[in-house]
>>> print(open('work-v4.cif').read())   # mmCIF, C-alpha atoms and all ligand atoms
data_coords
loop_
_atom_site.label_atom_id
_atom_site.label_comp_id
_atom_site.auth_asym_id
_atom_site.auth_seq_id
_atom_site.Cartn_x
_atom_site.Cartn_y
_atom_site.Cartn_z
CA MET C 1 6.71 10.24 -6.77
CA ASP C 2 8.36 10.14 -10.17
CA HIS C 3 7.49 10.69 -13.81
CA PHE C 4 8.17 7.19 -15.14
CA LEU C 5 4.74 5.71 -15.71
CA TYR C 6 3.08 3.26 -18.04
CA ARG C 7 0.88 4.76 -20.72
CA ASP C 8 -0.94 2.70 -23.34
CA GLY C 9 1.08 -0.37 -22.39
CA ALA C 10 4.52 1.25 -22.57
CA LEU C 11 6.84 2.84 -20.02
CA TYR C 12 7.27 6.58 -20.48
CA ALA C 13 9.82 9.04 -19.16
CA GLU C 14 7.57 12.09 -18.77
CA ASP C 15 6.02 12.34 -22.27
CA VAL C 16 8.63 10.29 -24.11
CA PRO C 17 8.32 6.52 -24.61
CA VAL C 18 11.42 4.87 -23.12
CA SER C 19 11.56 2.58 -26.15
CA GLU C 20 11.93 5.62 -28.41
CA ILE C 21 15.02 6.74 -26.49
CA ALA C 22 16.40 3.20 -26.67
CA ALA C 23 15.91 3.16 -30.43
CA SER C 24 17.72 6.46 -30.72
CA VAL C 25 20.69 6.02 -28.34
CA GLY C 26 20.98 2.25 -28.00
CA THR C 27 21.14 0.34 -24.71
CA PRO C 28 22.12 0.45 -21.93
CA PHE C 29 21.58 4.09 -20.91
CA TYR C 30 20.52 6.25 -17.99
CA VAL C 31 17.53 8.54 -18.38
CA TYR C 32 16.57 11.33 -15.98
CA SER C 33 13.34 13.25 -15.60
CA THR C 34 13.57 17.02 -15.27
CA ALA C 35 10.14 17.23 -13.63
CA THR C 36 11.13 14.71 -10.95
CA LEU C 37 14.45 16.44 -10.22
CA LEU C 38 12.71 19.77 -9.85
CA ARG C 39 9.87 18.38 -7.79
CA HIS C 40 12.24 16.79 -5.30
CA PHE C 41 14.36 19.94 -5.01
CA GLN C 42 11.19 21.95 -4.46
CA LEU C 43 9.99 19.63 -1.69
CA PHE C 44 13.12 20.43 0.31
CA ASP C 45 13.02 24.12 -0.52
CA ASP C 46 9.37 24.31 0.56
CA ALA C 47 10.05 22.26 3.70
CA LEU C 48 12.41 24.99 4.94
CA GLU C 49 10.16 27.88 3.97
CA GLY C 50 10.12 30.60 6.58
CA THR C 51 13.73 29.89 7.60
CA GLU C 52 16.73 31.44 5.89
CA HIS C 53 18.16 28.46 4.02
CA LEU C 54 19.99 27.03 1.03
CA VAL C 55 19.48 23.54 -0.39
CA CYS C 56 22.93 22.47 -1.60
CA TYR C 57 22.45 19.46 -3.85
CA ALA C 58 25.08 16.78 -3.04
CA MET C 59 26.26 16.44 -6.62
CA LYS C 60 28.13 13.22 -5.92
CA ALA C 61 24.73 11.55 -6.40
CA ALA C 62 24.47 12.51 -10.09
CA SER C 63 26.79 15.13 -11.43
CA ASN C 64 26.03 15.61 -15.10
CA GLN C 65 26.15 19.33 -15.83
CA ALA C 66 22.68 19.27 -17.36
CA ILE C 67 21.33 18.01 -14.02
CA LEU C 68 23.32 20.61 -12.11
CA ARG C 69 22.11 23.42 -14.32
CA THR C 70 18.49 22.26 -14.04
CA LEU C 71 18.72 22.40 -10.26
CA ALA C 72 20.83 25.56 -10.11
CA GLN C 73 18.29 27.40 -12.26
CA ALA C 74 15.67 26.44 -9.67
CA GLY C 75 17.83 28.02 -6.96
CA ALA C 76 19.92 25.12 -5.66
CA GLY C 77 23.44 25.49 -4.32
CA MET C 78 25.90 22.59 -4.60
CA ASP C 79 27.76 20.43 -2.12
CA VAL C 80 31.06 19.30 -3.66
CA VAL C 81 33.73 16.91 -2.41
CA SER C 82 36.57 17.30 -4.91
CA GLU C 83 38.16 19.79 -7.24
CA GLY C 84 36.57 17.91 -10.12
CA GLU C 85 33.11 18.42 -8.66
CA TYR C 86 33.90 22.06 -7.89
CA ARG C 87 34.98 22.69 -11.48
CA ARG C 88 32.02 20.79 -12.87
CA ALA C 89 29.60 22.85 -10.78
CA ARG C 90 31.25 26.07 -11.95
CA ALA C 91 31.15 24.87 -15.56
CA ALA C 92 27.42 24.23 -15.12
CA GLY C 93 27.01 27.86 -14.10
CA VAL C 94 26.86 27.63 -10.31
CA PRO C 95 28.47 30.66 -8.64
CA GLY C 96 31.18 30.04 -6.03
CA GLU C 97 29.11 31.64 -3.29
CA LYS C 98 26.57 28.83 -3.65
CA ILE C 99 29.12 26.02 -3.42
CA VAL C 100 29.95 24.25 -0.17
CA PHE C 101 33.15 22.18 -0.05
CA SER C 102 32.83 18.96 1.99
CA GLY C 103 35.04 15.87 2.11
CA VAL C 104 37.52 14.28 4.51
CA GLY C 105 40.72 14.86 2.58
CA LYS C 106 40.77 18.18 0.76
CA THR C 107 44.22 18.77 -0.67
CA ALA C 108 46.06 22.11 -0.62
CA GLN C 109 45.57 22.28 -4.39
CA GLU C 110 41.81 21.77 -4.08
CA ILE C 111 41.59 24.37 -1.34
CA ARG C 112 43.58 26.86 -3.43
CA THR C 113 41.30 26.44 -6.44
CA ALA C 114 38.16 26.96 -4.37
CA LEU C 115 39.56 29.93 -2.46
CA SER C 116 40.80 31.65 -5.59
CA GLU C 117 37.65 31.08 -7.59
CA GLY C 118 34.99 31.53 -4.92
CA ILE C 119 33.49 29.35 -2.23
CA ARG C 120 30.61 29.64 0.19
CA GLN C 121 32.37 27.70 2.93
CA PHE C 122 34.60 24.74 3.67
CA ASN C 123 33.20 22.06 5.94
CA VAL C 124 36.41 21.22 7.79
CA GLU C 125 36.92 17.62 8.84
CA SER C 126 40.12 17.70 10.92
CA GLU C 127 42.64 19.99 12.59
CA PRO C 128 45.43 19.26 10.08
CA GLU C 129 43.05 20.25 7.29
CA MET C 130 42.17 23.41 9.19
CA GLU C 131 45.85 24.34 9.32
CA VAL C 132 46.21 23.83 5.56
CA ILE C 133 43.13 25.93 4.75
CA ASN C 134 44.53 28.66 7.01
CA ALA C 135 47.94 28.54 5.29
CA VAL C 136 46.50 28.65 1.78
CA ALA C 137 44.16 31.50 2.71
CA LEU C 138 47.02 33.54 4.21
CA ASP C 139 49.11 32.87 1.13
CA LEU C 140 46.30 34.14 -1.10
CA GLY C 141 45.56 37.06 1.22
CA VAL C 142 41.96 36.01 1.83
CA VAL C 143 39.91 34.72 4.74
CA ALA C 144 38.30 31.29 4.38
CA PRO C 145 34.79 30.85 5.76
CA ILE C 146 34.54 27.53 7.58
CA THR C 147 32.30 25.28 9.59
CA VAL C 148 33.69 22.29 11.44
CA ARG C 149 32.06 18.93 10.82
CA VAL C 150 31.27 17.36 14.15
CA ASN C 151 30.74 13.66 14.57
CA PRO C 152 27.80 13.35 16.97
CA ASP C 153 28.26 9.62 17.61
CA VAL C 154 24.75 8.73 16.49
CA ASP C 155 23.70 5.46 14.90
CA ALA C 156 22.15 6.32 11.53
CA LYS C 157 20.61 2.81 11.29
CA THR C 158 21.58 2.41 7.67
CA HIS C 159 23.96 0.17 5.68
CA ALA C 160 27.39 0.11 7.38
CA LYS C 161 29.16 1.34 4.25
CA ILE C 162 27.12 4.56 4.17
CA ALA C 163 26.86 5.37 7.90
CA THR C 164 29.15 8.25 8.84
CA GLY C 165 28.03 9.58 12.21
CA LYS C 166 29.46 7.02 14.65
CA SER C 167 32.68 7.73 16.52
CA GLU C 168 34.44 4.85 14.75
CA ASN C 169 33.79 6.44 11.32
CA LYS C 170 36.48 8.56 9.66
CA PHE C 171 34.28 11.63 9.40
CA GLY C 172 34.39 14.90 11.32
CA ILE C 173 35.82 15.65 14.73
CA PRO C 174 34.37 14.08 17.88
CA ILE C 175 31.70 16.40 19.24
CA SER C 176 33.30 16.03 22.67
CA ARG C 177 36.39 17.88 21.34
CA ALA C 178 34.44 20.65 19.59
CA SER C 179 35.23 23.35 22.14
CA GLU C 180 38.96 22.85 21.80
CA VAL C 181 38.89 22.57 17.99
CA TYR C 182 36.76 25.72 17.60
CA ALA C 183 39.16 27.64 19.87
CA HIS C 184 41.99 26.46 17.65
CA ALA C 185 40.12 27.56 14.51
CA ALA C 186 39.38 30.98 15.99
CA SER C 187 43.09 31.48 16.66
CA LEU C 188 43.98 31.06 12.98
CA PRO C 189 43.87 34.42 11.15
CA GLY C 190 43.15 32.91 7.72
CA LEU C 191 39.86 31.38 8.92
CA GLU C 192 36.48 32.79 9.80
CA VAL C 193 34.37 30.39 11.82
CA ILE C 194 30.78 30.77 10.70
CA GLY C 195 28.99 27.63 11.77
CA ILE C 196 28.71 23.92 12.43
CA ASP C 197 28.39 21.01 10.00
CA VAL C 198 27.02 17.52 10.58
CA HIS C 199 26.18 14.59 8.30
CA ILE C 200 25.42 11.21 9.81
CA GLY C 201 24.85 8.94 6.83
CA SER C 202 22.85 8.16 3.75
CA GLN C 203 19.58 6.34 3.02
CA LEU C 204 18.16 7.05 6.49
CA THR C 205 14.64 5.75 6.71
CA GLU C 206 13.77 7.16 10.14
CA LEU C 207 13.87 10.66 11.56
CA GLU C 208 15.09 9.65 15.01
CA PRO C 209 18.85 9.62 14.22
CA PHE C 210 18.54 13.09 12.65
CA LYS C 211 16.72 14.26 15.77
CA LEU C 212 19.43 12.97 18.08
CA ALA C 213 22.15 14.57 15.96
CA TYR C 214 20.38 17.92 15.56
CA GLU C 215 19.64 18.15 19.29
CA LYS C 216 23.36 17.76 19.91
CA VAL C 217 24.06 20.45 17.31
CA ALA C 218 21.60 22.80 19.04
CA GLU C 219 23.31 22.29 22.35
CA LEU C 220 26.72 22.78 20.77
CA THR C 221 25.60 26.00 19.05
CA GLU C 222 24.69 27.52 22.41
CA GLN C 223 27.88 26.30 24.02
CA LEU C 224 30.11 27.66 21.23
CA ARG C 225 28.27 30.96 21.24
CA SER C 226 28.88 31.25 24.98
CA GLU C 227 32.55 30.66 24.22
CA GLY C 228 32.52 33.66 21.91
CA HIS C 229 32.05 32.09 18.46
CA ASN C 230 29.62 33.72 16.07
CA ILE C 231 27.75 30.59 15.01
CA ARG C 232 25.27 31.71 12.36
CA ARG C 233 25.04 28.89 9.83
CA LEU C 234 24.21 25.21 10.37
CA ASP C 235 24.94 22.71 7.63
CA LEU C 236 22.88 19.64 8.41
CA GLY C 237 24.17 17.31 5.68
CA GLY C 238 22.05 15.04 3.53
CA GLY C 239 20.89 11.50 3.99
CA LEU C 240 17.11 11.39 3.83
CA GLY C 241 16.26 7.99 2.32
CA ILE C 242 14.06 7.13 -0.62
CA PRO C 243 11.67 4.25 -1.25
CA TYR C 244 13.52 1.67 -3.35
CA THR C 245 10.53 -0.63 -3.49
CA ARG C 246 7.14 0.56 -4.57
CA SER C 247 5.27 -1.69 -2.19
CA ASN C 248 6.12 -1.32 1.47
CA GLU C 249 8.68 1.39 2.12
CA ALA C 250 7.65 4.82 3.30
CA PRO C 251 10.63 6.86 4.50
CA PRO C 252 9.86 10.22 6.10
CA LEU C 253 8.92 13.02 3.74
CA PRO C 254 10.99 16.18 3.25
CA VAL C 255 8.21 18.19 4.88
CA GLU C 256 8.51 16.09 8.05
CA TYR C 257 12.28 16.42 7.93
CA GLY C 258 11.92 20.20 7.53
CA LYS C 259 9.61 20.34 10.53
CA LEU C 260 12.13 18.38 12.59
CA ILE C 261 14.84 20.89 11.61
CA LYS C 262 12.66 23.82 12.63
CA ASP C 263 11.65 22.12 15.88
CA THR C 264 15.18 21.22 16.95
CA LEU C 265 17.12 24.21 15.62
CA GLY C 266 14.64 26.94 14.67
CA HIS C 267 15.03 28.85 17.96
CA LEU C 268 18.72 29.52 17.25
CA GLY C 269 18.11 31.95 14.39
CA CYS C 270 20.78 30.33 12.21
CA GLU C 271 20.77 30.07 8.46
CA ILE C 272 20.14 26.42 7.55
CA GLU C 273 21.90 24.48 4.83
CA ILE C 274 21.04 20.94 3.80
CA GLU C 275 22.87 18.66 1.36
CA PRO C 276 20.41 16.13 -0.08
CA GLY C 277 21.63 14.03 -2.97
CA ARG C 278 19.79 10.74 -3.23
CA LEU C 279 16.31 12.08 -2.58
CA ILE C 280 16.65 14.62 -5.37
CA ALA C 281 18.20 12.36 -8.02
CA GLY C 282 17.46 8.76 -7.01
CA ASN C 283 13.92 8.35 -8.23
CA ALA C 284 14.53 10.82 -11.05
CA GLY C 285 16.53 8.25 -13.02
CA LEU C 286 16.17 4.87 -14.70
CA LEU C 287 18.80 2.55 -16.06
CA VAL C 288 17.42 1.01 -19.23
CA SER C 289 18.85 -2.26 -20.49
CA ASP C 290 18.14 -4.88 -23.10
CA VAL C 291 17.83 -8.63 -22.57
CA ILE C 292 20.66 -10.31 -24.48
CA TYR C 293 19.82 -13.91 -23.67
CA VAL C 294 17.44 -15.92 -21.56
CA LYS C 295 19.38 -18.91 -20.28
CA SER C 296 17.92 -21.90 -18.49
CA GLY C 297 20.11 -22.99 -15.61
CA GLU C 298 19.84 -25.67 -12.97
CA GLY C 299 16.44 -24.95 -11.47
CA ARG C 300 16.50 -21.29 -12.46
CA ASP C 301 16.36 -19.02 -15.47
CA PHE C 302 18.85 -16.23 -16.00
CA LEU C 303 18.08 -13.00 -17.75
CA ILE C 304 21.42 -11.91 -19.16
CA VAL C 305 21.10 -8.19 -19.79
CA ASP C 306 23.41 -5.70 -21.45
CA ALA C 307 23.85 -3.53 -18.33
CA ALA C 308 26.34 -4.79 -15.76
CA MET C 309 27.87 -4.10 -12.38
CA ASN C 310 30.19 -1.54 -13.98
CA ASP C 311 27.12 0.50 -14.99
CA LEU C 312 25.22 0.16 -11.70
CA ILE C 313 27.33 -1.11 -8.84
CA ARG C 314 24.87 -0.65 -5.98
CA PRO C 315 23.50 -4.24 -5.90
CA ALA C 316 27.04 -5.71 -5.90
CA MET C 317 28.42 -3.18 -3.44
CA TYR C 318 25.62 -2.68 -0.92
CA GLU C 319 23.30 -5.62 -1.65
CA ALA C 320 20.97 -2.83 -2.79
CA HIS C 321 17.52 -3.59 -4.14
CA HIS C 322 16.34 -1.85 -7.30
CA ASP C 323 12.87 -2.50 -8.65
CA ILE C 324 13.17 -3.80 -12.21
CA VAL C 325 10.29 -3.50 -14.63
CA ALA C 326 9.58 -4.47 -18.20
CA VAL C 327 9.42 -1.47 -20.50
CA LYS C 328 6.44 -3.06 -22.28
CA GLU C 329 3.71 -3.19 -19.66
CA PRO C 330 2.63 -6.76 -18.88
CA ALA C 331 -0.95 -7.37 -19.92
CA PRO C 332 -3.35 -7.70 -16.99
CA GLY C 333 -3.29 -11.25 -15.66
CA THR C 334 0.18 -12.06 -17.05
CA GLU C 335 1.75 -14.76 -14.95
CA MET C 336 5.05 -13.64 -13.46
CA GLN C 337 8.05 -15.91 -13.34
CA PRO C 338 11.26 -15.75 -11.32
CA TYR C 339 14.55 -14.86 -12.98
CA ASP C 340 18.08 -14.21 -11.80
CA ILE C 341 18.89 -10.93 -13.54
CA VAL C 342 22.59 -10.71 -14.32
CA GLY C 343 25.05 -8.73 -16.41
CA PRO C 344 27.73 -10.05 -18.76
CA VAL C 345 30.74 -9.21 -16.52
CA CYS C 346 32.90 -12.15 -15.47
CA GLU C 347 32.05 -12.14 -11.77
CA SER C 348 29.25 -13.80 -9.85
CA GLY C 349 28.84 -10.44 -8.10
CA ASP C 350 27.51 -9.12 -11.38
CA THR C 351 24.02 -10.06 -10.27
CA PHE C 352 21.31 -7.42 -10.05
CA ALA C 353 18.58 -9.58 -8.55
CA LYS C 354 17.93 -13.18 -7.65
CA GLN C 355 14.64 -14.94 -8.27
CA ARG C 356 12.93 -11.70 -9.19
CA ASN C 357 9.39 -12.04 -10.47
CA MET C 358 9.08 -10.59 -13.93
CA PRO C 359 6.70 -11.11 -16.83
CA PRO C 360 8.07 -13.68 -19.31
CA LEU C 361 10.86 -11.96 -21.23
CA LYS C 362 12.85 -12.79 -24.33
CA SER C 363 15.96 -11.64 -26.08
CA GLY C 364 15.58 -8.05 -27.30
CA ASP C 365 13.06 -6.99 -24.63
CA LEU C 366 13.81 -3.82 -22.68
CA ILE C 367 13.87 -3.62 -18.91
CA ALA C 368 14.29 -0.60 -16.61
CA PHE C 369 15.95 -0.40 -13.21
CA ARG C 370 14.11 2.11 -11.08
CA SER C 371 15.63 4.47 -8.49
CA ALA C 372 18.90 4.45 -10.43
CA GLY C 373 19.35 8.22 -10.74
CA ALA C 374 21.53 8.59 -7.63
CA TYR C 375 24.88 6.83 -7.26
CA GLY C 376 24.31 5.14 -10.62
CA ALA C 377 26.15 6.77 -13.53
CA VAL C 378 28.57 8.52 -11.17
CA MET C 379 29.82 5.23 -9.74
CA SER C 380 30.16 3.50 -13.07
CA SER C 381 33.45 2.33 -14.53
CA GLU C 382 34.85 0.86 -17.72
CA TYR C 383 35.55 -2.52 -16.13
CA ASN C 384 35.85 -5.18 -18.83
CA THR C 385 36.45 -2.28 -21.27
CA ARG C 386 32.75 -1.60 -21.34
CA PRO C 387 32.14 2.02 -22.44
CA LEU C 388 30.49 4.36 -19.94
CA ILE C 389 26.87 4.39 -20.95
CA PRO C 390 25.02 7.46 -22.23
CA GLU C 391 22.98 9.74 -20.03
CA VAL C 392 19.77 11.22 -21.38
CA LEU C 393 17.65 14.03 -19.93
CA VAL C 394 13.94 14.23 -20.62
CA ASN C 395 11.94 17.42 -20.27
CA GLY C 396 8.25 17.03 -21.19
CA ASP C 397 8.17 15.66 -24.71
CA GLN C 398 11.82 16.47 -25.45
CA PHE C 399 14.91 14.45 -24.72
CA ALA C 400 18.61 15.10 -25.18
CA VAL C 401 21.75 13.04 -24.78
CA ILE C 402 23.66 14.77 -22.00
CA ARG C 403 26.66 12.43 -22.12
CA PRO C 404 27.26 10.42 -25.28
CA ARG C 405 28.54 6.88 -25.35
CA PRO C 406 32.28 7.01 -26.08
CA THR C 407 33.60 5.10 -29.06
CA PHE C 408 35.91 2.14 -28.51
CA ASP C 409 38.70 4.13 -30.14
CA GLU C 410 38.26 6.95 -27.63
CA ILE C 411 38.64 4.47 -24.79
CA ILE C 412 41.51 2.49 -26.26
CA ASN C 413 43.47 5.53 -27.44
CA ARG C 414 43.69 6.92 -23.90
CA ASP C 415 46.37 4.33 -23.15
CA THR C 416 49.90 5.26 -24.11
CA ILE C 417 52.51 2.64 -24.87
CA PRO C 418 56.02 3.39 -23.50
CA GLU C 419 58.80 3.78 -26.05
CA TRP C 420 60.61 0.64 -24.96
CA LEU C 421 57.70 -1.43 -26.15
N1 LIG O 1 26.67 15.37 2.44
C1 LIG O 1 27.75 14.60 2.71
C2 LIG O 1 28.84 15.16 3.49
C3 LIG O 1 27.79 13.28 2.23
O1 LIG O 1 28.85 12.52 2.51
C4 LIG O 1 26.70 12.77 1.48
C5 LIG O 1 26.73 11.39 0.96
C6 LIG O 1 25.62 13.61 1.23
C7 LIG O 1 25.62 14.91 1.73
C8 LIG O 1 24.43 13.18 0.43
O2 LIG O 1 23.73 12.15 1.05
P1 LIG O 1 22.35 11.63 0.41
O3 LIG O 1 21.33 12.73 0.59
O4 LIG O 1 22.59 11.35 -1.02
O5 LIG O 1 22.02 10.43 1.20
N2 LIG O 1 27.11 5.44 -2.86
C9 LIG O 1 26.19 5.22 -1.76
C10 LIG O 1 25.86 6.50 -1.02
C11 LIG O 1 27.06 7.25 -0.51
C12 LIG O 1 26.72 8.53 0.20
C13 LIG O 1 27.93 9.32 0.50
N3 LIG O 1 27.71 10.60 1.10
C14 LIG O 1 24.95 4.51 -2.29
O6 LIG O 1 24.88 4.21 -3.47
O7 LIG O 1 24.05 4.20 -1.52
#
>>> encode(input="work-v4.cif", output="structure tokens", more="lines below")
Ligand code: LLP
Amino acid sequence: MDHFLYRDGALYAEDVPVSEIAASVGTPFYVYSTATLLRHFQLFDDALEGTEHLVCYAMKAASNQAILRTLAQAGAGMDVVSEGEYRRARAAGVPGEKIVFSGVGKTAQEIRTALSEGIRQFNVESEPEMEVINAVALDLGVVAPITVRVNPDVDAKTHAKIATGKSENKFGIPISRASEVYAHAASLPGLEVIGIDVHIGSQLTELEPFKLAYEKVAELTEQLRSEGHNIRRLDLGGGLGIPYTRSNEAPPLPVEYGKLIKDTLGHLGCEIEIEPGRLIAGNAGLLVSDVIYVKSGEGRDFLIVDAAMNDLIRPAMYEAHHDIVAVKEPAPGTEMQPYDIVGPVCESGDTFAKQRNMPPLKSGDLIAFRSAGAYGAVMSSEYNTRPLIPEVLVNGDQFAVIRPRPTFDEIINRDTIPEWL
């Protein structure tokens, strides 16, 4: 459920007409709904009620500080994967003890920053990384709390580029080697082993892969405990999918996911952490764009819009589907017509949708890409020297620009010309 609905023939973001934001900030732009962000966070928090837990929002999905602060004020922790994310979370007001550090290649510098300024735990991905965390901790005279990310060799049944839990993926250590790796960790005086971490992929639309992975984690918890490790926290990653089409998709609900967690792991008495990103932010954001031209091609019409692959790369990168709607609600009975919806970037890959049925549209009409809140703005670039587009946050009848559009001068003046030129 989200808070982007038609009212009196116009698309609203909560209580604000989308067209009013467009008139104020110009197109294209991202707009997020506070109510949707909070609702989705709450669904996870409620799903784990009765179990000691922390929902650590995977901020890679949408990392604007206004979004982070909204969620942090509701009680969320953060899952970060870089020093930049760590610093951004801290700047948004998230305390170190609510920040989990994930990621396959944490550098010594990143580890030092987190250890000096406060961290809940590192999710360690390899033995060499474990050695570096140990060395940095000893150097700083502290002990680093860690879990080890195990790769359970489970098929997440999602797009190959976002599956992470098979043995051929670069993530975690093979679960078959866990015993050995945990013994190694326990021998390092700068580390305190507190738990186990697992994350098998993103946009999972079935519970079965989670079940298989969590059953393996349950078994491993008992095994590691019998080997003398005080396993007391389980980080179960993120990955629960969202409906990208309004019509036929119904991925499992957070409450069902929460029940699965309790059923598979509840008996162990561990504190549970989860790291959802997409389900919290995805349907809490729209990308709003303007039709520049309608062009008649050979047997097809193109809608050339002012958003492009640099603003939303998911269709080009993962063949992802985003529902696209007209901001002005089509009158009942309007006959739809197929368009190829494309951006202005000089690549055929800059195609958002082919033969998509839309109401008849003309230059100057606004359209909105749904489900664009996660992995939208954060994956955007300035390709073709197109400025990063603004982000706007709506809360009831108020809205605020939470990242302004840079000027061309700001972009161009970042380059420096060497003296010899
Ligand atoms: N935890 C870890 C360790 C992760 O690697 C990820 C996502 C998450 C949590 C959050 O997963 P989520 O709940 O959002 O599914 N750019 C891609 C998605 C990449 C996901 C990467 N890792 C896309 O646009 O579909």
>>> residues_near_point(input="work-v4.cif", point="(17.8, 22.4, 10.0)", cutoff="12 Å", atoms="only C-alpha atoms", output="compact mmCIF listing (two decimals) with C-alpha atoms, in the coordinates of the input")
# COMPACT_ATOMS: atom_id res chain seq x y z
CA PHE C 44 13.12 20.43 0.31
CA ASP C 45 13.02 24.12 -0.52
CA ALA C 47 10.05 22.26 3.70
CA LEU C 48 12.41 24.99 4.94
CA GLU C 49 10.16 27.88 3.97
CA GLY C 50 10.12 30.60 6.58
CA THR C 51 13.73 29.89 7.60
CA GLU C 52 16.73 31.44 5.89
CA HIS C 53 18.16 28.46 4.02
CA LEU C 54 19.99 27.03 1.03
CA VAL C 55 19.48 23.54 -0.39
CA ILE C 196 28.71 23.92 12.43
CA ASP C 197 28.39 21.01 10.00
CA VAL C 198 27.02 17.52 10.58
CA HIS C 199 26.18 14.59 8.30
CA PHE C 210 18.54 13.09 12.65
CA LYS C 211 16.72 14.26 15.77
CA ALA C 213 22.15 14.57 15.96
CA TYR C 214 20.38 17.92 15.56
CA GLU C 215 19.64 18.15 19.29
CA VAL C 217 24.06 20.45 17.31
CA ALA C 218 21.60 22.80 19.04
CA ARG C 233 25.04 28.89 9.83
CA LEU C 234 24.21 25.21 10.37
CA ASP C 235 24.94 22.71 7.63
CA LEU C 236 22.88 19.64 8.41
CA GLY C 237 24.17 17.31 5.68
CA GLY C 238 22.05 15.04 3.53
CA PRO C 254 10.99 16.18 3.25
CA VAL C 255 8.21 18.19 4.88
CA GLU C 256 8.51 16.09 8.05
CA TYR C 257 12.28 16.42 7.93
CA GLY C 258 11.92 20.20 7.53
CA LYS C 259 9.61 20.34 10.53
CA LEU C 260 12.13 18.38 12.59
CA ILE C 261 14.84 20.89 11.61
CA LYS C 262 12.66 23.82 12.63
CA ASP C 263 11.65 22.12 15.88
CA THR C 264 15.18 21.22 16.95
CA LEU C 265 17.12 24.21 15.62
CA GLY C 266 14.64 26.94 14.67
CA HIS C 267 15.03 28.85 17.96
CA LEU C 268 18.72 29.52 17.25
CA GLY C 269 18.11 31.95 14.39
CA CYS C 270 20.78 30.33 12.21
CA GLU C 271 20.77 30.07 8.46
CA ILE C 272 20.14 26.42 7.55
CA GLU C 273 21.90 24.48 4.83
CA ILE C 274 21.04 20.94 3.80
CA GLU C 275 22.87 18.66 1.36
>>> residues_around(input="work-v4.cif", residues="Ser289 (chain C)", least_positions_apart="4", cutoff="10 Å", atoms="only C-alpha atoms", output="list in words")
Ala22, Gly26, Thr27, Pro28, Phe29, Tyr30, Val305, Asp306, Ala307, Ala308, Ala326, Val327, Gly343, Gly364, Asp365, Leu366, Ile367, Ala368 and Phe369 of chain C
>>> closest_residue(input="work-v4.cif", among="C:Gly9, C:Gly299, C:Pro17, C:Gly195", to="Gln398 (chain C)", atoms="only C-alpha atoms")
C:Pro17
>>> residues_near_ligand(input="work-v4.cif", ligand="ligand LIG 1 (chain O)", cutoff="7 Å", atoms="all atoms listed in the file", output="list of chain:residue names")
C:Ala58, C:Ala61, C:Asp79, C:Ser102, C:Gly103, C:Ile162, C:His199, C:Gly201, C:Ser202, C:Gln203, C:Gly237, C:Gly238, C:Gly239, C:Leu240, C:Gly241, C:Glu275, C:Pro276, C:Gly277, C:Arg278, C:Leu279, C:Arg314, C:Ala374, C:Tyr375
>>> atom_distance(input="work-v4.cif", atom1="CA of Pro152 (chain C)", atom2="CA of Gln121 (chain C)")
20.6 Å
>>> residues_around(input="work-v4.cif", residues="Leu11 (chain C)", least_positions_apart="5", cutoff="7 Å", atoms="all atoms listed in the file", output="ChimeraX atom specification")
/C:4-6,17-18,327-329
>>> closest_atom_pairs(input="work-v4.cif", of="region 259-376 of chain C", to="region 156-160 of chain C", cutoff="12 Å", atoms="all atoms listed in the file", output="JSON lines")
{"residue": "C:Arg314", "atom": "CA", "partner": "C:His159", "partner_atom": "CA", "distance": 11.7}
{"residue": "C:Met317", "atom": "CA", "partner": "C:His159", "partner_atom": "CA", "distance": 10.7}
{"residue": "C:Tyr318", "atom": "CA", "partner": "C:His159", "partner_atom": "CA", "distance": 7.4}
{"residue": "C:Glu319", "atom": "CA", "partner": "C:His159", "partner_atom": "CA", "distance": 9.4}
{"residue": "C:Ala320", "atom": "CA", "partner": "C:His159", "partner_atom": "CA", "distance": 9.5}
>>> write_last_selection(input="work-v4.cif", atoms="C-alpha atoms", output="PDB file, in the frame of the given file")
ATOM      1  CA  ARG C 314      24.870  -0.650  -5.980  1.00  0.00           C
ATOM      2  CA  MET C 317      28.420  -3.180  -3.440  1.00  0.00           C
ATOM      3  CA  TYR C 318      25.620  -2.680  -0.920  1.00  0.00           C
ATOM      4  CA  GLU C 319      23.300  -5.620  -1.650  1.00  0.00           C
ATOM      5  CA  ALA C 320      20.970  -2.830  -2.790  1.00  0.00           C
TER       6      ALA C 320
END
>>> closest_residue(input="work-v4.cif", among="C:Asn413, C:Gln355, C:Asn134, C:Ser19", to="His184 (chain C)", atoms="all atoms listed in the file")
C:Asn134
>>> residues_near_point(input="work-v4.cif", point="(41.8, 31.0, 9.6)", cutoff="9 Å", atoms="all atoms listed in the file", output="compact mmCIF listing (two decimals) with C-alpha atoms, in the coordinates of the input")
# COMPACT_ATOMS: atom_id res chain seq x y z
CA MET C 130 42.17 23.41 9.19
CA GLU C 131 45.85 24.34 9.32
CA ILE C 133 43.13 25.93 4.75
CA ASN C 134 44.53 28.66 7.01
CA ALA C 135 47.94 28.54 5.29
CA ALA C 137 44.16 31.50 2.71
CA LEU C 138 47.02 33.54 4.21
CA VAL C 143 39.91 34.72 4.74
CA ALA C 144 38.30 31.29 4.38
CA PRO C 145 34.79 30.85 5.76
CA ILE C 146 34.54 27.53 7.58
CA ALA C 185 40.12 27.56 14.51
CA ALA C 186 39.38 30.98 15.99
CA SER C 187 43.09 31.48 16.66
CA LEU C 188 43.98 31.06 12.98
CA PRO C 189 43.87 34.42 11.15
CA GLY C 190 43.15 32.91 7.72
CA LEU C 191 39.86 31.38 8.92
CA GLU C 192 36.48 32.79 9.80
CA VAL C 193 34.37 30.39 11.82
